[in-house]
Every structure is written in C-alpha cells, then in structure tokens.
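Report on one structure; see the data block that follows.
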There are 2 protein chains.
Amino acid sequence: MPNSRKPRHRVKIGVFDSGVGGLTVLRALLDRIPDADYLYFGDTARLPYGSKSAATVAHYAVGAVRYLQEQGAELLVIACNTATALALDEIKAAAGVEVIGVVEPGAEAAAAASRKRKVVVIGTDATIRSHAYRRALEARKVAVREKACPLFVPLVEEGWVEHPVTEQVAKIYLSEAFSPEVHSDDMPDADVLLLGCTHYPLIKPLLRRVAPEPVAIVDSAESTALDVARQLQIESLSSSTRSERRGVPQLKFFATDSAEKFRIMGTRFLGLPVEDVVHVDLKE
Amino acid sequence: MPNSRKPRHRVKIGVFDSGVGGLTVLRALLDRIPDADYLYFGDTARLPYGSKSAATVAHYAVGAVRYLQEQGAELLVIACNTATALALDEIKAAAGVEVIGVVEPGAEAAAAASRKRKVVVIGTDATIRSHAYRRALEARKVAVREKACPLFVPLVEEGWVEHPVTEQVAKIYLSEAFSPEVHSDDMPDADVLLLGCTHYPLIKPLLRRVAPEPVAIVDSAESTALDVARQLQIESLSSSTRSERRGVPQLKFFATDSAEKFRIMGTRFLGLPVEDVVHVDLKE
C-alpha cells in the first residue's frame, strides 16, 4: 500500500542515545533513508548509562523517547546498546510508535554473514556484561565469543581514530578475542567481528587492518539503518518513491548537557555539520 | 588544647568522591592519620561528574556529604577534583563541619615545590576546563600550563598501570605538556608536574620514568592528606597522641552503584581489601 499516506508526508524518525555515539547510526540512516527528517536526542548529561541500573536506564530512556514523540517522532531508533540491552521492552511498552533497537539488527546481520556460525562481538563493558548480543546470536544458532574493549570509546573521543596507540590497543583486544587458547570451545574459527558499540564504526578501517583475515566486520549502525528502511517500506511510511528526492533531510538535535560540546563532538561522529542543537533539561 | 576532647575519641573522617579515584586520597589519609576512622562515599551511579553542570554537581555532592554527616563524619574531604572545582563553596555552606578539597592543598604543595615558579598540571578534561588549579596556582604567583589527559582514567581502570600502551600515551601527553613550541610563554622550564586527578597516583612510577628530568611530581592526594593532618592538629581532633595507636582504622564504604563492583575496583585503588560496602540510593 505505497500510497496509504499523504503523498508529501516525510516521516520523522527519532533517534535516541545516551551521547554522541548514536550519531553513527543517524549517519547510516541518512545514507539509507534520505527522504526522512530526523530528531536526535543525546542524554549527554546523564551518560554513561553503562554504570546505571536497568530501572534507571529504563526511566531515563522512556523520558527521552517521550520527549522525541512530543517533538513529532513517528518511529524510534534506540541507537544505544545499553538502553537496548537493558530497557527495550519498557521503551516499547511506553512508546505509541514502532521502536527499533541496535542489538537485534546487528545480531541478525552477523548471523547472516557468518558461514561458520561463529561470531566475535566487541562492545563496552556494560554491553558485554548484559550478554544481549550473546542471547540474540544464540537464538539464531550462532556461537559467540564476547570481548569488552573499554578503551575504544575514550580513544575515539580523544580523536585518535587513526593512531598508533589505538592500533596497539586494537591488536591486544582482538588477539585476545580471536585467540584459540582463552576458551576450550571452538571459537577461534569465528569469521565475523560484530561491532556492538556505536563508537566503533569510526575505527572500522583500523579494525579491518588489525582483525585476522578472512573475518567480515558487521556494524550494528549499518544493520539498524537497513532494518529501519525495511520497516518503513513494510509500513509504507516512506511513501514508496525512494528515487523521488524531496529536499534534504531536516536534522534537529537535543542534548541534556552543553549544546556547544554536542555540536563539536557530534560533527566528528556524524561526519556532517551538527548545527541545530537545543539544550533540554529533563526532570529526573 | 590537645585534651579538649574525650581522650578516647577517634575522629571520623568522611571522604567523598564521584567514584573510586578518591580511594587514593583515603590511602594517603590512612598512611598519615591512622588513628582515625573513615567513611567513604563513592557516587558511582552518577559518575562521571565532569560532564555535568555546576548546579547538578553541587546538588549531588551536597546530598552525599549530608549522608556522610548523618553517618557521623566530623570532617569532610572532597576527594573529587570536579566537585572541588565546581562546588566547594556550596558544600562548605551546606556542611556544618570543616571541609577540605583537593585543589588548594595540591596547588599549595606544587607552589612550594617549584623553585622556578612554573608548574604543569594534568587532569581530566573537566578538571582542566574548570581552570581551578590554574586559579589556585596563579594566586600563589606560579605560572601554569594545563594539559588534559583524558585517556589516563580509562587506562588505569583497565588495570594497565604498568603497560606499554600507557607509557606510549604518557609520552605523547607529557611531551605536549612540556614542549616548548606549543605556547610562546616561558613554560618549557616548568619544574613541577602536578597530578590533578585522583586516578593518577596509580601511574606515578610510570609518569616518573616518562616525565623530563629534573621535574618533581606533586600528588594532590598526598598533599590533601597532609593538609587534613595539619587541620586535625590545629583543631586538636586527633587528641595529640599520634604515637599512641588505638587500634586499626575502621573503614566503611558507601556506593550508589553496585557494592560488588565497588569492592573489586576499590581494592585496586586503595591497595587494601575493600570489604564493608553498603549500597546507598540517594534521591535525585
């Protein structure tokens, strides 16, 4: 039913993250779905979510997605691994619209890419401890090795995306992740590296160089954007005519910490100028 | 008036930090003032404070020190650079007891150690941006170069305190901090490196190797402990008889995030077993 909506309706997609990392997901969305408008909410004053309880994360995330809906979001992307892992069900229950998290699309793409049915997933401490990717992959009959890489986020935030220190750290982490000795299982044969953190796409070229061959790198940001595109076609929100471009996407950003800081850091993550940033103060 | 208090009164010192870093200050306090008891509050669920507004930090810190006072703290040490930099006045106004922060003692010790009246101070992004050490040093007629070293905290938390990666990072940061080219001022002659972050004492031996000779390293944790000892003698709370040891210090810990996580990470920072940890839920 491609014409079930008003012909000139541009869908408004709300993207939520605890910080700027989710902008890599927004970037993938812009590439895949340019004929939509976007609202991005970064809960920068309350990050990181990784050290917080599931109840607190759910409370914060629900507040943020309600705010995005008040601003007109018709579909919500939870571009935050911790919020997806700990609170996706609560967010779905609170939201009146479709909600897509990053874990399921990432796991689905990794499962599809792995001929050997063996995947290494890397992420922050909090994401790895949640075992959300493990559960999602095992449900698809894929064996998993999980490896927390807590230094990647600060290295990316320092701007060292192509840097000898980051390369050295990546060599250490990935050699542990792919080493045959650590476990007695049959994991050394993993043929997919799943990036389970929204910061990691920025070091994808470096990880490509460091990861053993022939390992495919699957990126949750990219997989999530594909899933959203699929969802919009199913729901026919994108009103079919993907080729008929109707102006550039409108981007609006909300940050709970300094708008200026968000603008500066955000531009690096998005790879595009981050301009229209509004500071938002959410009640606790 | 050494005997103005009951002879067997052991002073209860409250130590506050946003996380486990302040345990290096507690460690220095235990070394200097073993005949006291200690209450340590780590606001681990709400860290890092660096990304939060001054008003929010003040609100959190005041809540935490009030809690410490309810538990019997008679003197408060703000072992958190951000809270000291952004909220010391508010904390002092809210507390009914003596409050000592980490910035003034650190600056005082650095000023005393610098014959050239030139100091390099390193810390987190938030501490450096607050310019609290700059103000405190300049008030003492000492020239300052500030250098944020955002990777040191995650490297220490990863446990890489003696690690080639940390050494490489330290070489990069310190060569920038001590380089003559960056500024046209006369700072290359700095003869003191001030550690303006409670995590940094753990990498002091490594920094000693990497820092140019002949640079003295001054540690805020150590200076703060000395200041507290001085304060207690002035106030005669330690009831004079430093030589008369009256049992081992009682240590009690409060954490707003998982007590178990605090126990594990805390033991590394304190260099002693962290046992009696109570989870505390502070209202926002």
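By order of appearance in the structure tokens: chains A, B, ..., then residues from 1 within every chain, and ligands from 1 in the order shown.
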- Message: Using DSSP secondary structure from the backbone, list all alpha helix (DSSP H) positions within region 121-274 of chain A, as a ChimeraX atom specification.
- Response: /A:125-130,132-138,152-157,164-178,204-210,220-234,259-270
- Message: Report as number ranges by chain all protein, DNA and RNA residues lying within 9 Å of region 187-199 of chain A, evaluated on only C-alpha atoms, omitting residues in the same chain fewer than 4 positions from it.
- Response: A: 20-25, 79-81, 102-103, 106-107, 109-111, 113-124, 127-128, 133, 143-145, 152-153, 156-157, 177-181, 183, 203-204, 211-221, 269
- Give the answer as one residue: which of B:Leu232, B:Ala259, B:Leu174, B:Val97 has the shortest atom-to-atom distance to Glu70 (chain B), using only C-alpha atoms? B:Val97
- Could you list the residues in chain B lying within 8 Å of chain A, using only C-alpha atoms, and format the result as a ChimeraX atom specification? /B:44-48,51-53,150-151,154-155,158,165,168-169,257,284
- Message: For Val228 (chain A), find every residue with an atom within 9 Å (counting only C-alpha atoms), except residues of its own chain fewer than 6 positions away, and show them as a list in words.
- Response: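 So, after excluding close chain neighbours, the residues are Leu29, Arg32, Ile33, Leu75, Val77 and Ile100 of chain A.
Reported to one decimal place, the separation of CA of Ile78 (chain B) from CA of Gly19 (chain A) is 27.7 Å.
Excluding Val278 (chain A) itself and any same-chain residue fewer than 4 positions from it, the protein and nucleic acid residues within 7 Å of it, counting only C-alpha atoms, are Phe253, Phe254, Ala255 and Ala259 of chain A.
Distance-wise, CA of His131 (chain A) and CA of Thr224 (chain A) end up 18.5 Å apart.
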